[in-house]
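Visitor: My file is target_28.tsv. It has TSV, C-alpha atoms:
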chain	number	residue	atom	x	y	z
N	247	MET	CA	125.10	115.42	79.04
N	248	ALA	CA	122.93	118.47	78.78
N	249	MET	CA	122.40	120.38	82.00
N	250	THR	CA	119.47	122.74	81.70
N	251	GLU	CA	118.44	125.30	84.25
N	252	LEU	CA	116.13	124.26	87.07
N	253	PRO	CA	113.95	127.07	88.45
N	254	MET	CA	115.14	128.10	91.90
N	255	GLU	CA	111.65	127.41	93.30
N	256	LYS	CA	112.32	123.72	92.67
N	257	ALA	CA	115.96	123.63	93.76
N	258	PHE	CA	115.19	122.51	97.33
N	259	MET	CA	113.71	119.34	95.83
N	260	LEU	CA	117.24	118.17	95.00
N	261	ILE	CA	118.16	118.01	98.70
N	262	GLU	CA	114.80	117.37	100.44
N	263	PRO	CA	114.76	113.58	99.85
N	264	GLY	CA	118.11	113.19	101.65
N	265	PRO	CA	120.29	111.61	98.95
N	266	VAL	CA	124.02	111.05	99.11
N	267	ILE	CA	125.59	114.07	97.40
N	268	LEU	CA	128.92	115.36	96.19
N	269	VAL	CA	130.17	118.78	97.31
N	270	THR	CA	132.58	120.37	94.86
N	271	THR	CA	134.90	123.25	95.65
N	272	ASN	CA	137.52	125.32	93.88
N	273	HIS	CA	140.34	126.69	95.98
N	274	LYS	CA	143.66	128.11	94.84
N	275	GLY	CA	142.74	127.14	91.30
N	276	ARG	CA	142.17	123.47	92.14
N	277	ASN	CA	138.89	121.60	91.92
N	278	ASN	CA	138.02	119.08	94.61
N	279	MET	CA	134.97	117.19	95.83
N	280	MET	CA	133.75	115.23	98.82
N	281	THR	CA	130.83	112.95	99.57
N	282	ILE	CA	128.27	113.75	102.28
N	283	SER	CA	124.91	112.58	103.60
N	284	TRP	CA	124.71	115.04	106.48
N	285	HIS	CA	122.69	117.87	104.96
N	286	MET	CA	119.19	119.33	105.23
N	287	VAL	CA	116.98	121.96	103.65
N	288	MET	CA	116.43	125.02	105.87
N	289	ASP	CA	114.06	126.99	103.64
N	290	PHE	CA	112.66	127.05	100.12
N	291	THR	CA	114.96	129.75	98.71
N	292	PRO	CA	116.76	127.23	99.23
N	293	LYS	CA	118.93	127.63	102.29
N	294	ILE	CA	120.73	124.40	103.12
N	295	ALA	CA	122.74	123.19	106.11
N	296	MET	CA	125.52	120.64	105.98
N	297	THR	CA	127.74	119.26	108.71
N	298	THR	CA	131.46	119.10	108.10
N	299	GLY	CA	134.56	120.40	109.81
N	300	PRO	CA	138.31	120.85	109.75
N	301	TRP	CA	138.83	117.06	109.54
N	302	ASN	CA	137.78	117.25	105.89
N	303	TYR	CA	140.21	118.62	103.31
N	304	SER	CA	137.31	120.49	101.66
N	305	PHE	CA	136.84	122.50	104.83
N	306	GLN	CA	139.52	125.07	103.98
N	307	ALA	CA	138.15	125.44	100.47
N	308	LEU	CA	134.66	126.08	101.85
N	309	ILE	CA	135.91	128.58	104.42
N	310	ASN	CA	138.16	130.45	102.02
N	311	SER	CA	136.26	130.37	98.74
N	312	LYS	CA	132.83	130.62	100.41
N	313	GLU	CA	131.35	128.69	97.49
N	314	CYS	CA	130.47	125.13	96.54
N	315	VAL	CA	128.29	123.06	94.27
N	316	LEU	CA	126.03	120.31	95.60
N	317	ALA	CA	125.90	117.62	92.90
N	318	ILE	CA	123.33	114.82	92.99
N	319	PRO	CA	124.63	111.50	91.70
N	320	ALA	CA	122.44	108.68	90.43
N	321	ILE	CA	122.92	105.05	91.40
N	322	ASP	CA	125.19	104.24	88.44
N	323	LEU	CA	127.79	106.49	90.10
N	324	ALA	CA	127.56	104.85	93.54
N	325	GLU	CA	130.99	103.17	93.52
N	326	LYS	CA	132.68	106.38	92.41
N	327	VAL	CA	130.80	108.39	95.04
N	328	VAL	CA	131.91	106.03	97.79
N	329	GLY	CA	135.47	106.15	96.45
N	330	ILE	CA	135.37	109.95	96.48
N	331	GLY	CA	134.34	109.77	100.13
N	332	SER	CA	137.19	107.44	100.98
N	333	CYS	CA	140.19	109.42	99.77
N	334	SER	CA	141.46	112.96	100.32
N	335	GLY	CA	141.83	115.81	97.88
N	336	ALA	CA	145.10	116.52	99.69
N	337	GLU	CA	146.53	113.50	97.93
N	338	VAL	CA	144.65	113.04	94.67
N	339	ASP	CA	142.84	114.97	91.96
N	340	LYS	CA	139.47	113.31	92.43
N	341	PHE	CA	138.00	114.43	89.09
N	342	THR	CA	140.87	112.68	87.30
N	343	LYS	CA	140.98	109.65	89.58
N	344	PHE	CA	137.27	108.94	89.23
N	345	GLY	CA	136.89	110.00	85.60
N	346	LEU	CA	134.37	112.75	86.29
N	347	THR	CA	134.02	115.95	84.31
N	348	ALA	CA	134.14	119.40	85.91
N	349	LEU	CA	131.95	121.89	84.06
N	350	PRO	CA	132.00	125.62	84.70
N	351	ALA	CA	129.19	126.84	86.94
N	352	ALA	CA	127.39	130.14	86.30
N	353	GLU	CA	127.75	131.94	89.62
N	354	VAL	CA	130.54	130.18	91.53
N	355	LYS	CA	134.04	128.92	90.81
N	356	ALA	CA	133.27	125.46	92.18
N	357	PRO	CA	132.48	123.19	89.24
N	358	LEU	CA	129.37	121.32	88.23
N	359	VAL	CA	129.80	117.55	87.81
N	360	SER	CA	128.75	116.68	84.28
N	361	GLU	CA	127.91	113.05	85.06
N	362	CYS	CA	125.53	113.91	87.91
N	363	LEU	CA	121.77	114.14	87.67
N	364	ALA	CA	121.61	117.70	88.96
N	365	CYS	CA	123.75	120.44	90.50
N	366	LEU	CA	123.03	123.29	92.88
N	367	GLU	CA	125.43	126.23	92.96
N	368	CYS	CA	125.75	127.61	96.49
N	369	ARG	CA	127.37	130.40	98.44
N	370	VAL	CA	128.57	129.72	101.98
N	371	THR	CA	126.78	132.33	104.04
N	372	GLU	CA	127.88	131.18	107.48
N	373	TYR	CA	129.93	128.60	109.33
N	374	LEU	CA	128.53	127.72	112.75
N	375	GLU	CA	131.80	126.66	114.31
N	376	ALA	CA	130.31	125.36	117.57
N	377	HIS	CA	128.27	122.83	115.59
N	378	ASP	CA	130.39	122.29	112.46
N	379	ILE	CA	127.45	123.41	110.34
N	380	PHE	CA	127.88	125.26	107.07
N	381	VAL	CA	124.90	127.34	106.01
N	382	LEU	CA	124.57	127.52	102.23
N	383	GLN	CA	122.46	129.70	99.98
N	384	GLY	CA	121.51	128.06	96.71
N	385	VAL	CA	121.89	130.53	93.84
N	386	ARG	CA	121.52	128.55	90.61
N	387	ALA	CA	120.37	125.01	89.81
N	388	TRP	CA	120.86	122.65	86.89
N	389	ILE	CA	119.40	119.31	85.91
N	390	ASP	CA	120.17	116.79	83.19
N	391	GLN	CA	116.72	116.11	81.80
N	392	GLU	CA	118.04	113.52	79.35
N	393	ARG	CA	119.82	111.24	81.79
N	394	THR	CA	118.35	107.75	81.65
N	395	GLU	CA	119.27	106.48	85.13
N	396	ARG	CA	117.59	108.92	87.53
N	397	ARG	CA	117.43	106.92	90.76
N	398	THR	CA	119.39	108.54	93.59
N	399	PHE	CA	120.62	106.67	96.66
N	400	HIS	CA	120.71	107.16	100.41
N	401	ALA	CA	123.37	106.12	102.92
N	402	ASN	CA	122.35	103.75	105.69
N	403	GLY	CA	125.62	104.46	107.51
N	404	ASP	CA	126.93	100.90	107.57
N	405	GLY	CA	128.30	100.79	104.03
N	406	THR	CA	124.94	99.85	102.54
N	407	PHE	CA	122.84	102.25	100.50
N	408	VAL	CA	119.16	102.25	99.68
N	409	VAL	CA	118.27	103.03	96.09
N	410	ASP	CA	115.15	104.97	95.11
N	411	GLY	CA	112.19	102.70	94.42
N	412	ASN	CA	108.62	103.64	93.49
N	413	THR	CA	107.24	107.13	93.72
N	414	ILE	CA	103.86	107.72	95.33
N	415	ASN	CA	101.78	110.84	94.83
N	416	LEU	CA	100.01	112.25	97.90
N	417	ARG	CA	99.81	115.79	96.62
N	418	SER	CA	96.04	115.92	96.99
N	419	LEU	CA	96.49	115.43	100.76
N	420	MET	CA	98.88	118.36	101.20
N	421	GLU	CA	98.22	120.98	98.52
N	422	GLU	CA	98.41	123.82	101.04
N	423	LYS	CA	101.91	122.77	102.16
N	424	ILE	CA	103.48	122.90	98.71
N	425	PRO	CA	105.33	126.14	97.98
N	426	PRO	CA	104.55	128.23	94.86
N	427	GLY	CA	106.15	127.10	91.61
N	428	VAL	CA	106.56	123.45	92.70
J	63	MET	CA	104.39	95.62	117.95
J	64	ALA	CA	107.49	94.78	119.90
J	65	MET	CA	110.02	97.58	120.14
J	66	THR	CA	113.41	96.28	121.22
J	67	GLU	CA	116.40	98.40	122.09
J	68	LEU	CA	118.72	99.49	119.30
J	69	PRO	CA	122.34	100.07	120.41
J	70	MET	CA	123.15	103.77	120.44
J	71	GLU	CA	126.08	103.16	118.08
J	72	LYS	CA	123.50	102.33	115.40
J	73	ALA	CA	120.97	105.02	116.24
J	74	PHE	CA	122.33	107.52	113.66
J	75	MET	CA	121.39	104.99	110.97
J	76	LEU	CA	117.71	105.82	111.55
J	77	ILE	CA	118.26	109.40	110.37
J	78	GLU	CA	121.22	109.14	107.97
J	79	PRO	CA	119.17	107.98	104.94
J	80	GLY	CA	117.00	111.10	105.13
J	81	PRO	CA	113.51	109.62	105.57
J	82	VAL	CA	110.32	111.49	106.37
J	83	ILE	CA	109.95	111.29	110.16
J	84	LEU	CA	107.52	112.11	112.91
J	85	VAL	CA	108.60	114.25	115.87
J	86	THR	CA	106.59	113.61	119.02
J	87	THR	CA	106.45	115.89	122.03
J	88	ASN	CA	104.76	116.02	125.39
J	89	HIS	CA	103.94	119.42	126.79
J	90	LYS	CA	101.58	120.33	129.62
J	91	GLY	CA	100.58	116.68	129.76
J	92	ARG	CA	99.52	116.51	126.12
J	93	ASN	CA	101.12	114.40	123.41
J	94	ASN	CA	101.55	115.84	119.94
J	95	MET	CA	103.47	115.08	116.78
J	96	MET	CA	104.56	116.72	113.56
J	97	THR	CA	106.03	115.54	110.27
J	98	ILE	CA	109.42	116.74	109.03
J	99	SER	CA	111.99	116.02	106.33
J	100	TRP	CA	114.41	118.79	107.29
J	101	HIS	CA	116.85	116.97	109.56
J	102	MET	CA	120.43	115.72	109.44
J	103	VAL	CA	122.91	113.71	111.47
J	104	MET	CA	125.64	115.85	113.07
J	105	ASP	CA	127.69	113.11	114.73
J	106	PHE	CA	127.55	109.42	115.59
J	107	THR	CA	126.54	109.79	119.26
J	108	PRO	CA	124.07	110.69	117.56
J	109	LYS	CA	123.67	114.44	117.54
J	110	ILE	CA	120.94	115.51	115.11
J	111	ALA	CA	119.83	118.85	113.69
J	112	MET	CA	116.33	119.69	112.56
J	113	THR	CA	114.88	122.87	111.16
J	114	THR	CA	111.64	124.16	112.59
J	115	GLY	CA	110.44	127.34	114.18
J	116	PRO	CA	107.66	129.22	115.93
J	117	TRP	CA	105.34	128.68	112.95
J	118	ASN	CA	104.92	125.06	114.11
J	119	TYR	CA	102.72	124.28	117.10
J	120	SER	CA	105.34	121.76	118.27
J	121	PHE	CA	107.86	124.59	118.65
J	122	GLN	CA	106.69	125.59	122.14
J	123	ALA	CA	106.68	121.97	123.27
J	124	LEU	CA	110.28	121.54	122.05
J	125	ILE	CA	111.43	124.78	123.66
J	126	ASN	CA	109.70	124.13	126.97
J	127	SER	CA	109.98	120.38	127.46
J	128	LYS	CA	113.42	120.16	125.82
J	129	GLU	CA	112.59	116.63	124.72
J	130	CYS	CA	111.21	114.80	121.71
J	131	VAL	CA	111.09	111.44	119.99
J	132	LEU	CA	112.00	111.01	116.33
J	133	ALA	CA	109.81	108.20	114.99
J	134	ILE	CA	110.52	106.55	111.63
J	135	PRO	CA	107.39	105.53	109.74
J	136	ALA	CA	107.30	102.90	107.01
J	137	ILE	CA	105.49	103.38	103.72
J	138	ASP	CA	102.22	101.81	104.94
J	139	LEU	CA	101.86	104.89	107.18
J	140	ALA	CA	102.47	107.44	104.41
J	141	GLU	CA	98.93	108.82	104.23
J	142	LYS	CA	98.76	109.24	107.99
J	143	VAL	CA	102.18	110.89	108.06
J	144	VAL	CA	101.12	113.40	105.41
J	145	GLY	CA	97.89	114.01	107.29
J	146	ILE	CA	99.85	114.63	110.50
J	147	GLY	CA	101.89	117.22	108.62
J	148	SER	CA	98.80	118.94	107.33
J	149	CYS	CA	96.96	119.73	110.56
J	150	SER	CA	97.88	121.41	113.82
J	151	GLY	CA	98.10	119.99	117.33
J	152	ALA	CA	96.52	123.24	118.42
J	153	GLU	CA	93.25	121.94	117.00
J	154	VAL	CA	93.34	118.16	117.17
J	155	ASP	CA	94.74	115.28	119.16
J	156	LYS	CA	96.76	113.76	116.35
J	157	PHE	CA	97.27	110.37	118.02
J	158	THR	CA	93.50	109.95	118.23
J	159	LYS	CA	92.75	111.46	114.83
J	160	PHE	CA	95.23	109.20	113.02
J	161	GLY	CA	94.74	106.10	115.13
J	162	LEU	CA	98.33	105.90	116.32
J	163	THR	CA	99.46	104.56	119.68
J	164	ALA	CA	101.63	106.55	122.08
J	165	LEU	CA	103.95	104.30	124.10
J	166	PRO	CA	105.96	105.49	127.08
J	167	ALA	CA	109.61	106.22	126.27
J	168	ALA	CA	112.40	105.34	128.70
J	169	GLU	CA	114.20	108.67	129.13
J	170	VAL	CA	111.83	111.37	127.93
J	171	LYS	CA	108.18	112.27	128.37
J	172	ALA	CA	107.58	112.50	124.62
J	173	PRO	CA	106.01	109.22	123.48
J	174	LEU	CA	107.21	106.51	121.13
J	175	VAL	CA	104.87	105.74	118.23
J	176	SER	CA	103.99	102.07	118.42
J	177	GLU	CA	103.16	101.72	114.72
J	178	CYS	CA	106.50	103.14	113.53
J	179	LEU	CA	109.51	101.11	112.47
J	180	ALA	CA	111.85	102.72	114.98
J	181	CYS	CA	112.05	105.55	117.51
J	182	LEU	CA	114.88	107.70	118.82
J	183	GLU	CA	114.45	109.44	122.16
J	184	CYS	CA	116.15	112.85	122.14
J	185	ARG	CA	116.94	115.76	124.38
J	186	VAL	CA	116.91	119.27	122.91
J	187	THR	CA	120.39	120.58	123.74
J	188	GLU	CA	120.18	123.87	121.88
J	189	TYR	CA	117.97	126.04	119.71
J	190	LEU	CA	119.86	128.13	117.19
J	191	GLU	CA	117.31	130.88	116.85
J	192	ALA	CA	119.03	132.72	114.00
J	193	HIS	CA	118.69	129.61	111.85
J	194	ASP	CA	115.61	127.89	113.30
J	195	ILE	CA	117.73	124.82	114.01
J	196	PHE	CA	117.11	122.53	116.96
J	197	VAL	CA	120.13	120.52	118.06
J	198	LEU	CA	119.11	117.15	119.51
J	199	GLN	CA	121.04	114.55	121.44
J	200	GLY	CA	119.80	111.01	120.90
J	201	VAL	CA	119.68	109.17	124.22
J	202	ARG	CA	117.84	105.89	123.62
J	203	ALA	CA	116.73	104.05	120.48
J	204	TRP	CA	114.12	101.40	119.71
J	205	ILE	CA	113.29	99.31	116.69
J	206	ASP	CA	110.46	96.94	115.82
J	207	GLN	CA	112.38	93.93	114.50
J	208	GLU	CA	109.16	92.07	113.70
J	209	ARG	CA	107.53	94.65	111.48
J	210	THR	CA	106.93	93.22	107.99
J	211	GLU	CA	106.83	96.45	105.95
J	212	ARG	CA	110.21	98.08	106.56
J	213	ARG	CA	110.51	100.44	103.58
J	214	THR	CA	110.79	104.09	104.62
J	215	PHE	CA	110.00	107.00	102.31
J	216	HIS	CA	111.52	110.33	101.37
J	217	ALA	CA	109.80	113.61	100.51
J	218	ASN	CA	110.44	115.09	97.08
J	219	GLY	CA	108.87	118.37	98.18
J	220	ASP	CA	106.09	118.47	95.60
J	221	GLY	CA	103.68	116.10	97.30
J	222	THR	CA	105.34	113.01	95.85
J	223	PHE	CA	107.45	110.63	97.90
J	224	VAL	CA	110.07	108.13	96.87
J	225	VAL	CA	109.87	104.76	98.56
J	226	ASP	CA	112.94	102.70	99.47
J	227	GLY	CA	113.92	100.29	96.71
J	228	ASN	CA	116.89	97.89	96.56
J	229	THR	CA	119.78	98.00	98.97
J	230	ILE	CA	123.33	97.80	97.66
J	231	ASN	CA	126.33	96.87	99.77
J	232	LEU	CA	129.53	98.85	99.20
J	233	ARG	CA	130.97	98.26	102.64
J	234	SER	CA	134.15	96.75	101.23
J	235	LEU	CA	134.93	100.10	99.58
J	236	MET	CA	134.61	102.15	102.79
J	237	GLU	CA	135.46	99.95	105.79
J	238	GLU	CA	137.60	102.68	107.36
J	239	LYS	CA	134.72	105.18	107.30
J	240	ILE	CA	132.31	103.01	109.25
J	241	PRO	CA	132.16	103.84	112.97
J	242	PRO	CA	132.68	101.14	115.64
J	243	GLY	CA	129.69	98.96	116.44
J	244	VAL	CA	127.95	99.46	113.08
Just dump the structure as structure tokens.

Guide:
Amino acid sequence: MAMTELPMEKAFMLIEPGPVILVTTNHKGRNNMMTISWHMVMDFTPKIAMTTGPWNYSFQALINSKECVLAIPAIDLAEKVVGIGSCSGAEVDKFTKFGLTALPAAEVKAPLVSECLACLECRVTEYLEAHDIFVLQGVRAWIDQERTERRTFHANGDGTFVVDGNTINLRSLMEEKIPPGV
Amino acid sequence: MAMTELPMEKAFMLIEPGPVILVTTNHKGRNNMMTISWHMVMDFTPKIAMTTGPWNYSFQALINSKECVLAIPAIDLAEKVVGIGSCSGAEVDKFTKFGLTALPAAEVKAPLVSECLACLECRVTEYLEAHDIFVLQGVRAWIDQERTERRTFHANGDGTFVVDGNTINLRSLMEEKIPPGV
């Protein structure tokens, strides 16, 4: 594993395709993580929204620490990612249970996940209680450029997941829509 | 094309994987559509969030008509979808320009897109102005069960798009997380 810094101009690209992600937190000295698919980019800085609420154990950590890391797993981690989404940090240390490695982040206490493809350090800037939406500001991004398996995966919602296939390049059709530095 | 009804319990599955989608509107008797990737599921009813604002021509149609249709294109429509995202309904009739067919929806004036894989009729229930988030309530869903090309695609943000690849089934690991009827 060798996470190298990803320019913030490109950080929104980690979330834009809509992959299943892990959200790590650190609260009262304890690391935890959850699995979510309900997230979206809000701007290129990047500002990101995610839906979660008090029914998740990570909620209190997000509210109190006001920090998290969004970690992007590749398909070789799919079973662990689903397992992480199916148990509670109230009962288990998920890093230990799933054999994942917490690495120190640069700007937040929430940890990076060493085995993931990329990580985005975020501050919680707002919680929209009426809609259970957390608004996050990405502050630092990391990517493992050496990782062999780079395909992410997307939840269908029924317990099946679609894995990244081919990439097509339509950049010539939308040059004016692509932000600077991307 | 033969759109058949998709049970509302499954409608969130159209958005959950994070595909590029079209958003159609009807305002002052005129159909329009735009392309977005910035959306997320908020609950299983389904409630959906999407980020857009006054910089998009569709904004006024969303604010005034309080209705839209989220249409899910497959990969064979990728060039049209990018084209739709790169011009303004203020200047062109996008259905005509891109050779797409507007079909009447059941509950809203915004049209279905006949060539898409699936469509979700929505009401705009709220606009969170401080965050440029529209909150949508899905009310009726349709899917073309006969369409041959069913692979959707996801924006990377740099003009490239990742196409759906294999599907993996991890349902046995997360039975208790799957909502009724899915």

Visitor: Sorted by chain and rising residue number, list the residues of chain J at most 9 Å from chain N (counting all atoms listed in the file), each with its closest atom pair and distance in Å to one decimal, as a Markdown table.

Guide:
| residue | atom | partner | partner_atom | distance |
| --- | --- | --- | --- | --- |
| J:Lys72 | CA | N:Gly403 | CA | 8.4 |
| J:Phe74 | CA | N:Gly403 | CA | 7.6 |
| J:Met75 | CA | N:Gly403 | CA | 5.5 |
| J:Leu76 | CA | N:Asn402 | CA | 7.8 |
| J:Ile77 | CA | N:Asn402 | CA | 8.4 |
| J:Glu78 | CA | N:Asn402 | CA | 6.0 |
| J:Pro79 | CA | N:His400 | CA | 4.9 |
| J:Gly80 | CA | N:Gly264 | CA | 4.2 |
| J:Pro81 | CA | N:Gly264 | CA | 7.0 |
| J:Val82 | CA | N:Pro263 | CA | 8.2 |
| J:Ser99 | CA | N:Glu262 | CA | 6.7 |
| J:Trp100 | CA | N:Met286 | CA | 5.2 |
| J:His101 | CA | N:Met286 | CA | 5.5 |
| J:Met102 | CA | N:Trp284 | CA | 5.2 |
| J:Val103 | CA | N:Trp284 | CA | 5.5 |
| J:Met104 | CA | N:Thr297 | CA | 5.9 |
| J:Asp105 | CA | N:Thr297 | CA | 8.6 |
| J:Ala111 | CA | N:Met286 | CA | 8.5 |
| J:Met112 | CA | N:Met286 | CA | 7.9 |
| J:Thr113 | CA | N:Met288 | CA | 5.9 |
| J:Thr114 | CA | N:Met288 | CA | 8.3 |
| J:Ala140 | CA | N:Leu416 | CA | 8.5 |
| J:Glu141 | CA | N:Leu416 | CA | 7.3 |
| J:Val144 | CA | N:Leu419 | CA | 6.9 |
| J:Gly145 | CA | N:Leu419 | CA | 6.8 |
| J:Gly147 | CA | N:Met420 | CA | 8.1 |
| J:Ser148 | CA | N:Met420 | CA | 6.2 |
| J:His193 | CA | N:Met288 | CA | 7.9 |
| J:Asp194 | CA | N:Met288 | CA | 8.0 |
| J:Ile195 | CA | N:Met288 | CA | 8.2 |
| J:Val197 | CA | N:His377 | CA | 8.8 |
| J:Phe215 | CA | N:Pro263 | CA | 8.5 |
| J:His216 | CA | N:Pro263 | CA | 4.8 |
| J:Ala217 | CA | N:Pro263 | CA | 5.0 |
| J:Asn218 | CA | N:Pro263 | CA | 5.3 |
| J:Gly219 | CA | N:Met259 | CA | 5.5 |
| J:Asp220 | CA | N:Val428 | CA | 5.8 |
| J:Gly221 | CA | N:Arg417 | CA | 3.9 |
| J:Thr222 | CA | N:Asn415 | CA | 4.3 |
| J:Phe223 | CA | N:Ile414 | CA | 5.3 |
| J:Val224 | CA | N:Thr413 | CA | 4.4 |
| J:Val225 | CA | N:Gly411 | CA | 5.2 |
| J:Asp226 | CA | N:Gly411 | CA | 5.1 |
| J:Gly227 | CA | N:Gly411 | CA | 3.7 |
| J:Asn228 | CA | N:Val409 | CA | 5.3 |
| J:Thr229 | CA | N:Val408 | CA | 4.4 |
| J:Ile230 | CA | N:Phe407 | CA | 5.3 |
| J:Asn231 | CA | N:Thr406 | CA | 4.3 |
| J:Leu232 | CA | N:Gly405 | CA | 5.3 |
| J:Arg233 | CA | N:Gly405 | CA | 3.9 |
| J:Ser234 | CA | N:Gly405 | CA | 7.6 |
| J:Leu235 | CA | N:Gly329 | CA | 6.8 |
| J:Met236 | CA | N:Ser332 | CA | 6.2 |
| J:Glu237 | CA | N:Gly405 | CA | 7.4 |
| J:Glu238 | CA | N:Ser332 | CA | 8.0 |
| J:Lys239 | CA | N:Ser332 | CA | 7.2 |
| J:Ile240 | CA | N:Asp404 | CA | 6.0 |
| J:Pro241 | CA | N:Asp404 | CA | 8.1 |
| J:Val244 | CA | N:Asp404 | CA | 5.8 |

Visitor: Using CA of Cys362 (chain N) and CA of Ile318 (chain N) as the two end points, give the distance in Å to one decimal.

Guide: 5.6 Å

Visitor: Around all listed atoms of region 145-164 of chain J, padded 6 Å per side, what centre and edge lengths does the axis-aligned box have in Å to one decimal, as lines of an AutoDock Vina configuration file?

Guide:
center_x = 97.3
center_y = 113.9
center_z = 114.7
size_x = 21.1
size_y = 30.7
size_z = 26.8

Visitor: Would you kindly return, as a PyMOL selection string, each protein, DNA or RNA residue with an atom no farther than 7 Å from any atom of Val359 (chain N), considering all atoms listed in the file and excluding same-chain residues fewer than 6 positions away?

Guide: chain N and resi 317+346-349

Visitor: Could you please determine the separation between CA of Leu198 (chain J) and CA of Lys90 (chain J) in Å, to one decimal place?

Guide: 20.5 Å

Visitor: May I have the residues within 8 Å of Tyr303 (chain N) as a PyMOL selection string, using all atoms listed in the file and disregarding those fewer than 5 positions away in the same chain?

Guide: chain N and resi 334-336

Visitor: Please, what distance in Å, to one decimal, runs between CA of Cys184 (chain J) and CA of Val143 (chain J)?

Guide: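 Distance reported for this atom pair: 19.9 Å.
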
Visitor: For Cys130 (chain J), list every protein, DNA or RNA residue within 8 Å, evaluated using all atoms listed in the file, and leave out those in the same chain fewer than 3 positions away; present the list as a PyMOL selection string.

Guide: chain J and resi 85-88+124+170-173+183-186

Visitor: Do a neighbour search on Ala248 (chain N) at 9 Å with only C-alpha atoms, toss out local chain neighbours closer than 2 positions, and write the hits as a list of chain:residue names.

Guide: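 Near Ala248 (chain N), the qualifying residues are N:Thr250, N:Ser360, N:Ile389, N:Asp390, N:Gln391, N:Glu392, N:Arg393.
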
Visitor: With C-alpha atoms retained, write the just-selected residues as a CSV table (one decimal), keeping the file's coordinate frame.

Guide:
chain,number,residue,atom,x,y,z
N,250,THR,CA,119.5,122.7,81.7
N,360,SER,CA,128.8,116.7,84.3
N,389,ILE,CA,119.4,119.3,85.9
N,390,ASP,CA,120.2,116.8,83.2
N,391,GLN,CA,116.7,116.1,81.8
N,392,GLU,CA,118.0,113.5,79.4
N,393,ARG,CA,119.8,111.2,81.8

Visitor: Check the smallest atom-to-atom distance from each of N:Pro292, N:Trp301, N:Asn278, N:Val315 to Gly384 (chain N) using all atoms listed in the file, then report the winner.

Guide: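 Nearest candidate to Gly384 (chain N) out of N:Pro292, N:Trp301, N:Asn278, N:Val315: N:Pro292.
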
Visitor: Check the smallest atom-to-atom distance from each of N:Glu372, N:Asp339, N:Asp322, N:Glu395 to Asn310 (chain N) using only C-alpha atoms, then report the winner.

Guide: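 Looking at the shortest contact to Asn310 (chain N), the residue is N:Glu372.
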
Visitor: Compare N:Phe341, N:Gly299, N:Leu252, N:Tyr373 by their minimum atom-to-atom distance to Leu268 (chain N), counting all atoms listed in the file, and give me the closest one.

Guide: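 Among the listed residues, N:Phe341 lies closest to Leu268 (chain N).
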
Visitor: Could you write region 330-341 of chain N as a PDB file, in the frame of the given file, with N, CA and C atoms rebuilt where they are missing?

Guide:
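Output (part_14.pdb):
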ATOM      1  N   ILE N 330     135.092 108.518  96.248  1.00  0.00           N
ATOM      2  CA  ILE N 330     135.370 109.950  96.480  1.00  0.00           C
ATOM      3  C   ILE N 330     135.321 110.271  97.969  1.00  0.00           C
ATOM      4  N   GLY N 331     134.453 109.575  98.683  1.00  0.00           N
ATOM      5  CA  GLY N 331     134.340 109.770 100.130  1.00  0.00           C
ATOM      6  C   GLY N 331     135.413 109.066 100.933  1.00  0.00           C
ATOM      7  N   SER N 332     136.203 108.257 100.261  1.00  0.00           N
ATOM      8  CA  SER N 332     137.190 107.440 100.980  1.00  0.00           C
ATOM      9  C   SER N 332     138.632 107.829 100.671  1.00  0.00           C
ATOM     10  N   CYS N 333     138.823 108.951  99.985  1.00  0.00           N
ATOM     11  CA  CYS N 333     140.190 109.420  99.770  1.00  0.00           C
ATOM     12  C   CYS N 333     140.195 110.938  99.955  1.00  0.00           C
ATOM     13  N   SER N 334     141.371 111.528 100.025  1.00  0.00           N
ATOM     14  CA  SER N 334     141.460 112.960 100.320  1.00  0.00           C
ATOM     15  C   SER N 334     141.987 113.752  99.130  1.00  0.00           C
ATOM     16  N   GLY N 335     141.370 114.890  98.925  1.00  0.00           N
ATOM     17  CA  GLY N 335     141.830 115.810  97.880  1.00  0.00           C
ATOM     18  C   GLY N 335     143.233 116.341  98.163  1.00  0.00           C
ATOM     19  N   ALA N 336     143.724 116.128  99.380  1.00  0.00           N
ATOM     20  CA  ALA N 336     145.100 116.520  99.690  1.00  0.00           C
ATOM     21  C   ALA N 336     146.072 115.647  98.917  1.00  0.00           C
ATOM     22  N   GLU N 337     145.619 114.461  98.564  1.00  0.00           N
ATOM     23  CA  GLU N 337     146.530 113.500  97.930  1.00  0.00           C
ATOM     24  C   GLU N 337     146.234 113.243  96.456  1.00  0.00           C
ATOM     25  N   VAL N 338     144.974 113.377  96.058  1.00  0.00           N
ATOM     26  CA  VAL N 338     144.650 113.040  94.670  1.00  0.00           C
ATOM     27  C   VAL N 338     143.747 114.110  94.042  1.00  0.00           C
ATOM     28  N   ASP N 339     143.805 114.184  92.726  1.00  0.00           N
ATOM     29  CA  ASP N 339     142.840 114.970  91.960  1.00  0.00           C
ATOM     30  C   ASP N 339     141.652 114.037  91.725  1.00  0.00           C
ATOM     31  N   LYS N 340     140.579 114.271  92.463  1.00  0.00           N
ATOM     32  CA  LYS N 340     139.470 113.310  92.430  1.00  0.00           C
ATOM     33  C   LYS N 340     138.736 113.295  91.093  1.00  0.00           C
ATOM     34  N   PHE N 341     138.663 114.433  90.412  1.00  0.00           N
ATOM     35  CA  PHE N 341     138.000 114.430  89.090  1.00  0.00           C
ATOM     36  C   PHE N 341     138.741 113.491  88.139  1.00  0.00           C
TER      37      PHE N 341
END
